[in-house]
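J.: Pasting work03.txt below, which is compact mmCIF, C-alpha atoms and all ligand atoms.
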```txt
# COMPACT_ATOMS: atom_id res chain seq x y z
CA MET A 50 0.00 0.00 0.00
CA THR A 51 2.94 2.35 0.58
CA ASP A 52 3.37 2.98 -3.15
CA LEU A 53 0.15 5.01 -3.20
CA PRO A 54 0.88 8.58 -4.37
CA THR A 55 1.31 11.17 -1.61
CA LEU A 56 -0.44 14.54 -1.33
CA GLU A 57 2.83 16.18 -2.51
CA THR A 58 2.99 14.13 -5.70
CA TYR A 59 -0.70 14.62 -6.37
CA LEU A 60 -0.39 18.41 -6.06
CA ALA A 61 2.70 18.46 -8.27
CA THR A 62 0.80 16.70 -11.05
CA HIS A 63 -2.58 18.49 -10.87
CA PRO A 64 -3.34 22.00 -12.06
CA GLY A 65 -3.41 24.71 -9.43
CA SER A 66 -1.03 27.52 -8.57
CA PRO A 67 2.12 26.82 -6.53
CA ALA A 68 0.73 29.17 -3.85
CA THR A 69 -2.43 27.06 -3.54
CA ALA A 70 -0.41 23.83 -3.41
CA GLU A 71 1.87 25.30 -0.72
CA ALA A 72 -1.15 26.33 1.37
CA LEU A 73 -2.76 22.88 0.97
CA LEU A 74 0.42 21.16 2.13
CA HIS A 75 0.50 23.37 5.22
CA ILE A 76 -3.19 22.77 5.94
CA GLY A 77 -2.54 19.03 5.51
CA ARG A 78 0.23 19.22 8.15
CA ALA A 79 -2.01 21.14 10.54
CA CYS A 80 -4.73 18.50 10.13
CA VAL A 81 -2.22 15.74 11.01
CA GLU A 82 -1.42 17.64 14.21
CA ILE A 83 -5.13 18.15 15.00
CA SER A 84 -5.84 14.45 14.38
CA ARG A 85 -3.16 13.49 16.94
CA ALA A 86 -4.91 15.61 19.58
CA VAL A 87 -8.33 14.19 18.60
CA GLN A 88 -6.97 10.65 18.99
CA LEU A 89 -5.50 11.36 22.43
CA GLY A 90 -8.78 12.78 23.73
CA ALA A 91 -8.99 12.61 27.52
CA VAL A 92 -5.43 11.22 27.79
CA GLY A 93 -4.14 14.49 26.34
CA ASP A 94 -6.66 16.53 28.39
CA HIS A 95 -8.31 17.60 25.13
CA LEU A 96 -11.98 16.95 26.02
CA GLY A 97 -14.50 19.32 27.56
CA ALA A 98 -15.17 23.04 27.54
CA ALA A 99 -12.53 25.72 27.13
CA GLY A 100 -14.47 28.11 29.35
CA ALA A 101 -14.96 30.83 26.72
CA THR A 102 -17.42 31.74 23.97
CA ASN A 103 -16.61 32.67 20.37
CA VAL A 104 -17.96 35.45 18.14
CA GLN A 105 -20.92 33.20 17.23
CA ASP A 106 -21.83 33.12 20.94
CA GLU A 107 -21.10 29.38 21.04
CA GLU A 108 -19.32 27.79 23.98
CA GLN A 109 -15.85 26.79 22.81
CA LYS A 110 -14.51 23.32 23.47
CA LYS A 111 -10.82 22.82 24.27
CA LEU A 112 -10.39 21.19 20.85
CA ASP A 113 -12.03 24.16 19.04
CA VAL A 114 -9.36 26.40 20.56
CA LEU A 115 -6.46 23.97 20.04
CA ALA A 116 -7.35 23.25 16.39
CA ASP A 117 -7.69 26.99 15.75
CA ASP A 118 -4.26 27.65 17.35
CA ILE A 119 -2.61 24.87 15.32
CA LEU A 120 -4.01 26.15 12.01
CA GLY A 121 -3.10 29.75 12.86
CA GLN A 122 0.49 28.84 13.73
CA VAL A 123 0.97 26.68 10.64
CA LEU A 124 -0.50 29.30 8.28
CA GLU A 125 1.63 32.07 9.82
CA ARG A 126 4.66 30.04 8.66
CA CYS A 127 3.32 29.44 5.13
CA ALA A 128 4.99 31.87 2.71
CA SER A 129 2.07 31.86 0.27
CA VAL A 130 -0.62 32.86 2.81
CA ALA A 131 -1.41 36.59 3.08
CA GLY A 132 -4.21 36.15 5.60
CA TYR A 133 -6.70 33.79 7.17
CA ALA A 134 -10.08 33.78 8.87
CA SER A 135 -11.58 31.32 11.34
CA GLU A 136 -14.94 30.45 12.86
CA GLU A 137 -13.28 30.99 16.23
CA ARG A 138 -11.90 34.51 15.50
CA GLU A 139 -13.99 37.64 15.19
CA HIS A 140 -11.65 39.36 12.72
CA VAL A 141 -9.41 38.28 9.85
CA GLU A 142 -5.70 37.74 10.57
CA LEU A 143 -3.07 39.19 8.25
CA THR A 144 0.39 37.66 8.02
CA GLY A 145 2.10 40.79 6.67
CA ARG A 146 2.68 39.18 3.26
CA SER A 147 0.93 40.15 0.03
CA GLY A 148 -0.09 38.14 -3.01
CA GLY A 149 -0.63 34.39 -2.74
CA VAL A 150 -3.79 33.14 -1.08
CA LEU A 151 -6.26 33.66 1.77
CA VAL A 152 -7.47 30.71 3.85
CA LEU A 153 -10.81 30.46 5.66
CA PHE A 154 -11.52 27.59 8.03
CA ASP A 155 -13.77 25.89 10.54
CA PRO A 156 -10.96 24.45 12.67
CA LEU A 157 -13.14 21.87 14.41
CA ASP A 158 -16.48 20.97 12.90
CA GLY A 159 -18.97 18.94 14.92
CA SER A 160 -17.98 20.27 18.35
CA SER A 161 -20.98 18.62 20.01
CA ASN A 162 -19.52 15.23 19.01
CA ILE A 163 -16.02 15.75 20.48
CA ASP A 164 -16.76 14.44 23.96
CA VAL A 165 -18.73 11.40 22.72
CA ASN A 166 -16.03 10.07 20.37
CA VAL A 167 -18.02 10.56 17.15
CA SER A 168 -16.41 11.73 13.87
CA ILE A 169 -15.47 15.41 13.68
CA GLY A 170 -13.42 17.40 11.17
CA THR A 171 -11.78 20.55 9.81
CA ILE A 172 -13.20 22.47 6.81
CA PHE A 173 -11.20 24.95 4.69
CA SER A 174 -11.52 27.24 1.69
CA ILE A 175 -8.74 28.93 -0.30
CA LEU A 176 -9.31 32.27 -2.07
CA PRO A 177 -6.90 34.38 -4.11
CA ALA A 178 -5.31 37.26 -2.17
CA PRO A 179 -5.21 40.67 -3.89
CA ASP A 180 -2.16 40.85 -6.17
CA ASN A 181 -0.79 43.98 -4.53
CA GLY A 182 -1.06 45.48 -1.10
CA THR A 183 -2.49 44.31 2.18
CA PRO A 184 -5.71 42.27 2.13
CA THR A 185 -8.71 43.68 3.97
CA THR A 186 -11.81 41.96 5.36
CA GLU A 187 -13.50 42.69 2.00
CA SER A 188 -10.82 40.57 0.27
CA PHE A 189 -12.32 37.53 2.08
CA LEU A 190 -15.91 38.32 1.07
CA ARG A 191 -15.97 36.47 -2.27
CA SER A 192 -18.62 34.06 -3.50
CA GLY A 193 -17.74 30.36 -3.52
CA ARG A 194 -17.09 30.48 -7.28
CA HIS A 195 -13.84 32.33 -6.57
CA GLN A 196 -12.35 29.50 -4.51
CA LEU A 197 -9.01 28.21 -5.78
CA ALA A 198 -9.37 25.06 -3.71
CA ALA A 199 -11.45 23.68 -0.86
CA GLY A 200 -11.58 20.61 1.32
CA TYR A 201 -11.92 19.02 4.71
CA ALA A 202 -10.27 16.51 6.99
CA VAL A 203 -12.49 14.00 8.76
CA TYR A 204 -11.22 12.49 12.01
CA GLY A 205 -13.14 9.22 11.97
CA PRO A 206 -12.25 5.53 12.01
CA GLN A 207 -9.70 6.63 9.40
CA THR A 208 -8.31 10.15 9.10
CA VAL A 209 -9.15 11.29 5.58
CA LEU A 210 -8.38 14.52 3.71
CA VAL A 211 -10.69 15.39 0.80
CA ILE A 212 -9.68 18.20 -1.55
CA THR A 213 -10.57 19.79 -4.84
CA VAL A 214 -7.86 21.79 -6.55
CA SER A 215 -8.68 21.00 -10.18
CA ALA A 216 -11.87 19.76 -11.85
CA GLU A 217 -11.91 16.66 -9.65
CA VAL A 218 -12.23 15.67 -6.02
CA ALA A 219 -9.66 13.37 -4.43
CA ALA A 220 -9.34 11.76 -0.99
CA PHE A 221 -6.18 10.90 0.92
CA THR A 222 -5.95 8.59 3.92
CA LEU A 223 -3.40 9.24 6.67
CA ASP A 224 -0.98 6.31 6.90
CA ALA A 225 0.85 5.01 9.99
CA GLU A 226 3.82 7.29 9.26
CA GLY A 227 1.64 10.43 9.15
CA VAL A 228 1.72 10.73 5.34
CA TRP A 229 -1.40 11.52 3.26
CA ARG A 230 -1.84 8.74 0.65
CA LEU A 231 -4.15 9.07 -2.34
CA THR A 232 -6.89 6.47 -1.77
CA HIS A 233 -9.88 7.80 -3.76
CA GLU A 234 -9.46 9.53 -7.12
CA ARG A 235 -12.28 11.39 -8.86
CA LEU A 236 -15.05 10.97 -6.29
CA ARG A 237 -18.55 11.11 -7.84
CA VAL A 238 -21.87 11.70 -6.09
CA PRO A 239 -24.57 9.45 -7.61
CA THR A 240 -27.39 11.49 -9.22
CA GLU A 241 -30.19 9.58 -7.48
CA THR A 242 -30.39 8.56 -3.85
CA ARG A 243 -32.58 6.94 -1.19
CA GLU A 244 -30.90 8.59 1.79
CA PHE A 245 -31.43 11.98 3.43
CA ALA A 246 -29.78 13.81 6.33
CA ILE A 247 -31.60 16.47 8.35
CA ASN A 248 -32.04 17.25 12.03
CA MET A 249 -35.64 16.06 12.39
CA SER A 250 -36.02 17.74 15.78
CA ASN A 251 -36.34 21.07 13.95
CA GLN A 252 -39.32 19.86 11.89
CA ARG A 253 -41.87 22.21 13.43
CA HIS A 254 -39.71 25.20 12.43
CA TRP A 255 -39.18 24.26 8.76
CA ALA A 256 -40.53 26.13 5.75
CA GLU A 257 -43.35 24.45 3.82
CA PRO A 258 -41.25 23.17 0.86
CA VAL A 259 -38.84 21.41 3.25
CA ARG A 260 -41.74 19.86 5.20
CA GLN A 261 -43.25 18.63 1.97
CA TYR A 262 -39.98 17.23 0.63
CA ILE A 263 -39.25 15.28 3.84
CA ALA A 264 -42.88 14.14 4.15
CA GLU A 265 -42.65 12.62 0.67
CA CYS A 266 -39.38 10.84 1.58
CA LEU A 267 -41.01 9.45 4.75
CA GLN A 268 -44.00 8.12 2.77
CA GLY A 269 -41.53 5.86 1.00
CA ARG A 270 -42.85 3.43 -1.59
CA ASP A 271 -46.44 4.21 -0.52
CA GLY A 272 -46.09 7.87 -1.58
CA SER A 273 -45.30 9.91 -4.67
CA ARG A 274 -41.58 9.04 -4.57
CA GLY A 275 -42.34 5.35 -5.02
CA LYS A 276 -39.26 4.23 -3.07
CA ASP A 277 -38.25 3.85 0.58
CA PHE A 278 -35.78 6.33 2.05
CA ASN A 279 -33.26 5.87 4.82
CA MET A 280 -32.18 8.64 7.21
CA ARG A 281 -28.74 9.44 8.70
CA TRP A 282 -27.70 12.46 10.81
CA VAL A 283 -24.24 12.44 12.40
CA GLY A 284 -24.42 16.06 13.55
CA SER A 285 -20.94 16.82 12.17
CA MET A 286 -21.30 18.40 8.73
CA VAL A 287 -17.93 16.95 7.72
CA ALA A 288 -19.04 13.38 8.45
CA ASP A 289 -22.47 13.83 6.84
CA VAL A 290 -20.94 15.34 3.68
CA HIS A 291 -18.24 12.66 3.59
CA ARG A 292 -20.92 9.96 3.50
CA ILE A 293 -22.62 11.78 0.61
CA LEU A 294 -19.35 12.01 -1.35
CA MET A 295 -18.74 8.30 -0.81
CA ARG A 296 -22.22 6.87 -1.51
CA GLY A 297 -24.66 9.68 -2.33
CA GLY A 298 -27.53 11.20 -0.41
CA VAL A 299 -28.85 14.65 0.35
CA PHE A 300 -27.92 16.86 3.32
CA LEU A 301 -30.12 19.70 4.53
CA TYR A 302 -29.58 22.42 7.10
CA PRO A 303 -32.21 24.78 5.71
CA TRP A 304 -33.49 28.11 6.95
CA ASP A 305 -35.94 27.59 9.78
CA ALA A 306 -38.23 29.84 11.80
CA ARG A 307 -36.35 29.65 15.11
CA GLU A 308 -34.55 32.90 14.30
CA PRO A 309 -36.37 34.20 11.22
CA SER A 310 -33.77 36.86 10.42
CA ARG A 311 -30.98 34.27 10.38
CA PRO A 312 -30.62 32.57 6.98
CA GLY A 313 -29.57 29.24 8.51
CA LYS A 314 -27.20 27.72 11.06
CA LEU A 315 -24.16 26.94 8.96
CA ARG A 316 -21.63 29.59 7.96
CA LEU A 317 -21.28 30.50 4.30
CA LEU A 318 -17.56 31.14 3.92
CA TYR A 319 -15.99 28.25 5.83
CA GLU A 320 -18.76 25.61 5.91
CA GLY A 321 -21.24 26.10 3.05
CA ALA A 322 -19.02 27.33 0.21
CA PRO A 323 -16.15 24.80 0.52
CA MET A 324 -18.58 21.87 0.83
CA ALA A 325 -20.60 23.21 -2.14
CA LEU A 326 -17.47 23.32 -4.32
CA LEU A 327 -16.52 19.74 -3.40
CA VAL A 328 -20.03 18.43 -4.05
CA GLU A 329 -20.43 20.30 -7.38
CA ARG A 330 -17.02 19.12 -8.60
CA ALA A 331 -18.06 15.58 -7.71
CA GLY A 332 -21.13 15.89 -9.94
CA GLY A 333 -23.64 16.77 -7.21
CA ALA A 334 -25.37 20.08 -6.52
CA ALA A 335 -25.55 22.61 -3.68
CA SER A 336 -28.17 25.28 -3.06
CA ASP A 337 -29.09 27.81 -0.38
CA GLY A 338 -32.69 26.75 -1.09
CA GLN A 339 -33.13 29.26 -3.91
CA ARG A 340 -29.96 29.53 -5.93
CA PRO A 341 -26.64 27.73 -6.30
CA LEU A 342 -24.81 28.12 -3.01
CA LEU A 343 -21.61 29.02 -4.86
CA ASP A 344 -23.34 32.16 -6.23
CA VAL A 345 -24.29 33.57 -2.82
CA GLU A 346 -22.44 36.89 -2.37
CA PRO A 347 -21.12 37.28 1.16
CA THR A 348 -21.57 40.56 3.01
CA SER A 349 -19.95 39.57 6.31
CA LEU A 350 -17.31 37.13 7.51
CA HIS A 351 -19.48 34.94 9.73
CA GLN A 352 -22.61 35.12 7.59
CA ARG A 353 -24.97 32.14 7.81
CA VAL A 354 -26.63 30.35 4.92
CA GLY A 355 -29.26 27.68 4.28
CA VAL A 356 -27.63 24.52 2.90
CA VAL A 357 -29.08 21.78 0.70
CA LEU A 358 -26.45 19.63 -1.01
CA GLY A 359 -25.82 16.21 -2.45
CA SER A 360 -27.31 14.14 -5.26
CA ALA A 361 -28.27 16.57 -8.06
CA ALA A 362 -31.78 15.20 -8.69
CA GLU A 363 -32.75 15.67 -5.04
CA VAL A 364 -31.30 19.17 -4.72
CA SER A 365 -33.13 20.38 -7.83
CA ARG A 366 -36.37 18.72 -6.66
CA LEU A 367 -36.20 20.63 -3.39
CA ALA A 368 -35.14 23.92 -5.00
CA ALA A 369 -38.07 23.61 -7.43
P1 LIG B 401 -19.49 23.60 14.58
O1 LIG B 401 -19.19 22.46 15.49
O2 LIG B 401 -18.31 23.99 13.73
O3 LIG B 401 -20.11 24.78 15.27
O4 LIG B 401 -20.55 23.11 13.48
C1 LIG B 401 -21.66 22.35 13.90
C2 LIG B 401 -22.63 22.28 12.77
C3 LIG B 401 -22.41 21.16 11.77
O5 LIG B 401 -21.26 20.42 11.92
C4 LIG B 401 -23.58 20.26 11.94
O6 LIG B 401 -24.07 19.84 10.70
C5 LIG B 401 -24.58 21.07 12.68
O7 LIG B 401 -23.90 22.09 13.34
C6 LIG B 401 -25.33 20.24 13.67
O8 LIG B 401 -26.35 21.00 14.21
P2 LIG B 401 -27.45 20.39 15.19
O9 LIG B 401 -26.80 20.31 16.52
O10 LIG B 401 -28.57 21.41 15.10
O11 LIG B 401 -27.84 19.03 14.66
MN MN B 402 -18.84 23.62 11.73
MN MN B 403 -16.32 24.61 14.35
```
Using structure tokens, write down the structure that the file contains.
Ligand code: AHG
Ligand code: MN
Ligand code: MN
T.:
Amino acid sequence: MTDLPTLETYLATHPGSPATAEALLHIGRACVEISRAVQLGAVGDHLGAAGATNVQDEEQKKLDVLADDILGQVLERCASVAGYASEEREHVELTGRSGGVLVLFDPLDGSSNIDVNVSIGTIFSILPAPDNGTPTTESFLRSGRHQLAAGYAVYGPQTVLVITVSAEVAAFTLDAEGVWRLTHERLRVPTETREFAINMSNQRHWAEPVRQYIAECLQGRDGSRGKDFNMRWVGSMVADVHRILMRGGVFLYPWDAREPSRPGKLRLLYEGAPMALLVERAGGAASDGQRPLLDVEPTSLHQRVGVVLGSAAEVSRLAA
């Protein structure tokens, strides 16, 4: 198995700027470090609350803070990174360099699953930095179409890094020596599916089209869909999206009426947009409920968005 190509060789042979490749290699190293902490758990004193809240008003876990620190330190040392932004930081960070790329990340996705030993992950998005001069917050506010690359690491039974840097999506599995090995080339999301993922406990808050879509799935072969559906909800977007990339399905975290002015729970720039790029490149689709998620124009760094992504036929059915 050790002759499988590494992340380095893959990046050297796939289109993408040297700055993007350099940033991806650094992010890959940070994810190896985060995965070590995840694996140690209580032995490394990495479980439980950090005792602080972030800009989203969410209670931070120790691993949210540690993963954020690791990524920050690694990106500060990466010569091609002009700045970065994180779920856990109110403002963007500038490295003092210009040109190259900007990185946006959710350092630890699925925080509610940390303490119960269920799969969690890291999500990232790479945007071009302005050619000249210092980036500003506005430099980070680009629609998902502008991404140079995107991906995630999932810390599950295996540690897997999924990236898109060209027209395709590839997955790398961490080997015993801490090297990312190419294990899945050209991932494809099947067009049709019989599996959906949504937090059913929010049902009473959903908009009518979402209620109707899920009701039809639940009717199974007795209803208009004419087939039985299965349901899965890990509660870590990374793990739910990974399942969809591997075997299809549809994932929904739509707008709901709990906070009517809030477009959704998930964040556009470092959760929605990178996952939308991966899923589209793998032949699936992603929508905010009304339009392609990659076309949503951000107006603020921590902006939320409704997310429907996965098998193309299901996403267009719901959007219709
Ligand atoms: P994070 O841990 O980065 O704040 O993200 C959690 C997100 C996402 O991973 C998941 O899909 C969703 O929250 C789960 O929400 P519910 O607890 O409402 O199911
Ligand atoms: Mn998240
Ligand atoms: Mn997070």
J.: Just want the 8 Å neighbourhood of segment 80-84 of chain A, counted on only C-alpha atoms, with same-chain residues fewer than 4 positions away dropped. Output as a VMD selection string.
T.: chain A and resid 76 88 115 to 116 119 to 120 171 202 204 208 223 227
J.: With distances taken over all atoms listed in the file, which of A:Ser129, A:Tyr262, A:Asp117, A:His291 is nearest to Leu73 of chain A?
T.: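 Between A:Ser129, A:Tyr262, A:Asp117, A:His291, the residue approaching Leu73 of chain A most closely is A:Ser129.
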J.: Which residues sit within 8 Å of ligand MN 403 (chain B), counting all atoms listed in the file, listed as a short mmCIF file (atom, residue, chain, number, x, y, z; two decimals) with C-alpha atoms, in the coordinates of the input?
T.:
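selection.cif, written as the output of this step:
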```
data_model
loop_
_atom_site.label_atom_id
_atom_site.label_comp_id
_atom_site.auth_asym_id
_atom_site.auth_seq_id
_atom_site.Cartn_x
_atom_site.Cartn_y
_atom_site.Cartn_z
CA ASP A 113 -12.03 24.16 19.04
CA GLU A 136 -14.94 30.45 12.86
CA GLU A 137 -13.28 30.99 16.23
CA ASP A 155 -13.77 25.89 10.54
CA PRO A 156 -10.96 24.45 12.67
CA LEU A 157 -13.14 21.87 14.41
CA ASP A 158 -16.48 20.97 12.90
CA GLY A 159 -18.97 18.94 14.92
CA SER A 160 -17.98 20.27 18.35
CA THR A 171 -11.78 20.55 9.81
#
```
J.: Could you give me, as a tab-separated table, a per-residue list for chain A showing, wherever an atom lies at most 12 Å from an atom of ligand MN 402 (chain B), the closest pair of atoms and their distance in Å to one decimal, using all atoms listed in the file and sorting by chain then residue number from low to high?
T.:
```
residue	atom	partner	partner_atom	distance
A:Gln105	CA	B:MN402	MN	11.2
A:Glu107	CA	B:MN402	MN	11.2
A:Gln109	CA	B:MN402	MN	11.9
A:Asp113	CA	B:MN402	MN	10.0
A:Ser135	CA	B:MN402	MN	10.6
A:Glu136	CA	B:MN402	MN	7.9
A:Glu137	CA	B:MN402	MN	10.3
A:Phe154	CA	B:MN402	MN	9.1
A:Asp155	CA	B:MN402	MN	5.7
A:Pro156	CA	B:MN402	MN	8.0
A:Leu157	CA	B:MN402	MN	6.5
A:Asp158	CA	B:MN402	MN	3.7
A:Gly159	CA	B:MN402	MN	5.7
A:Ser160	CA	B:MN402	MN	7.5
A:Ser161	CA	B:MN402	MN	9.9
A:Asn162	CA	B:MN402	MN	11.1
A:Ile169	CA	B:MN402	MN	9.1
A:Gly170	CA	B:MN402	MN	8.3
A:Thr171	CA	B:MN402	MN	7.9
A:Ile172	CA	B:MN402	MN	7.6
A:Phe173	CA	B:MN402	MN	10.5
A:Tyr201	CA	B:MN402	MN	10.9
A:Val203	CA	B:MN402	MN	11.9
A:Gly284	CA	B:MN402	MN	9.6
A:Ser285	CA	B:MN402	MN	7.1
A:Met286	CA	B:MN402	MN	6.5
A:Val287	CA	B:MN402	MN	7.8
A:Ala288	CA	B:MN402	MN	10.8
A:Asp289	CA	B:MN402	MN	11.5
A:Val290	CA	B:MN402	MN	11.7
A:Tyr302	CA	B:MN402	MN	11.8
A:Lys314	CA	B:MN402	MN	9.3
A:Leu315	CA	B:MN402	MN	6.9
A:Arg316	CA	B:MN402	MN	7.6
A:Leu317	CA	B:MN402	MN	10.4
A:Leu318	CA	B:MN402	MN	10.9
A:Tyr319	CA	B:MN402	MN	8.0
A:Glu320	CA	B:MN402	MN	6.2
A:Gly321	CA	B:MN402	MN	9.3
A:Pro323	CA	B:MN402	MN	11.6
A:Met324	CA	B:MN402	MN	11.0
A:His351	CA	B:MN402	MN	11.5
A:Arg353	CA	B:MN402	MN	11.2
```
J.: So how far away is atom CA of Val150 of chain A from atom CA of Gly121 of chain A, in Å?
T.: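 Interatomic distance here is 14.4 Å.
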J.: Please compute the atom CA of Tyr133 of chain A-atom CA of Val152 of chain A distance, one decimal, in Å.
T.: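 That distance, rounded to one decimal, is 4.6 Å.
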J.: Would you please work out which residue, of A:Glu142, A:Glu57, A:Asp52, A:Glu241, is nearest to Trp229 of chain A when using all atoms listed in the file?
T.: A:Glu57
J.: Tell me which protein, DNA and RNA residues are within 10 Å of His63 of chain A, counting all atoms listed in the file, leaving out same-chain ones fewer than 6 positions away, and put them as a PyMOL selection string.
T.: chain A and resi 70+214-217
J.: Which residues come within 7 Å of Gly193 of chain A, counting only C-alpha atoms, excluding same-chain residues fewer than 6 positions away, as a PyMOL selection string?
T.: chain A and resi 322+343-344
J.: Nearest to Ala361 of chain A: which of A:Pro239, A:Pro312, A:Gly269, A:Pro64 is it, counting only C-alpha atoms?
T.: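 Among A:Pro239, A:Pro312, A:Gly269, A:Pro64, it is A:Pro239 that comes nearest to Ala361 of chain A.
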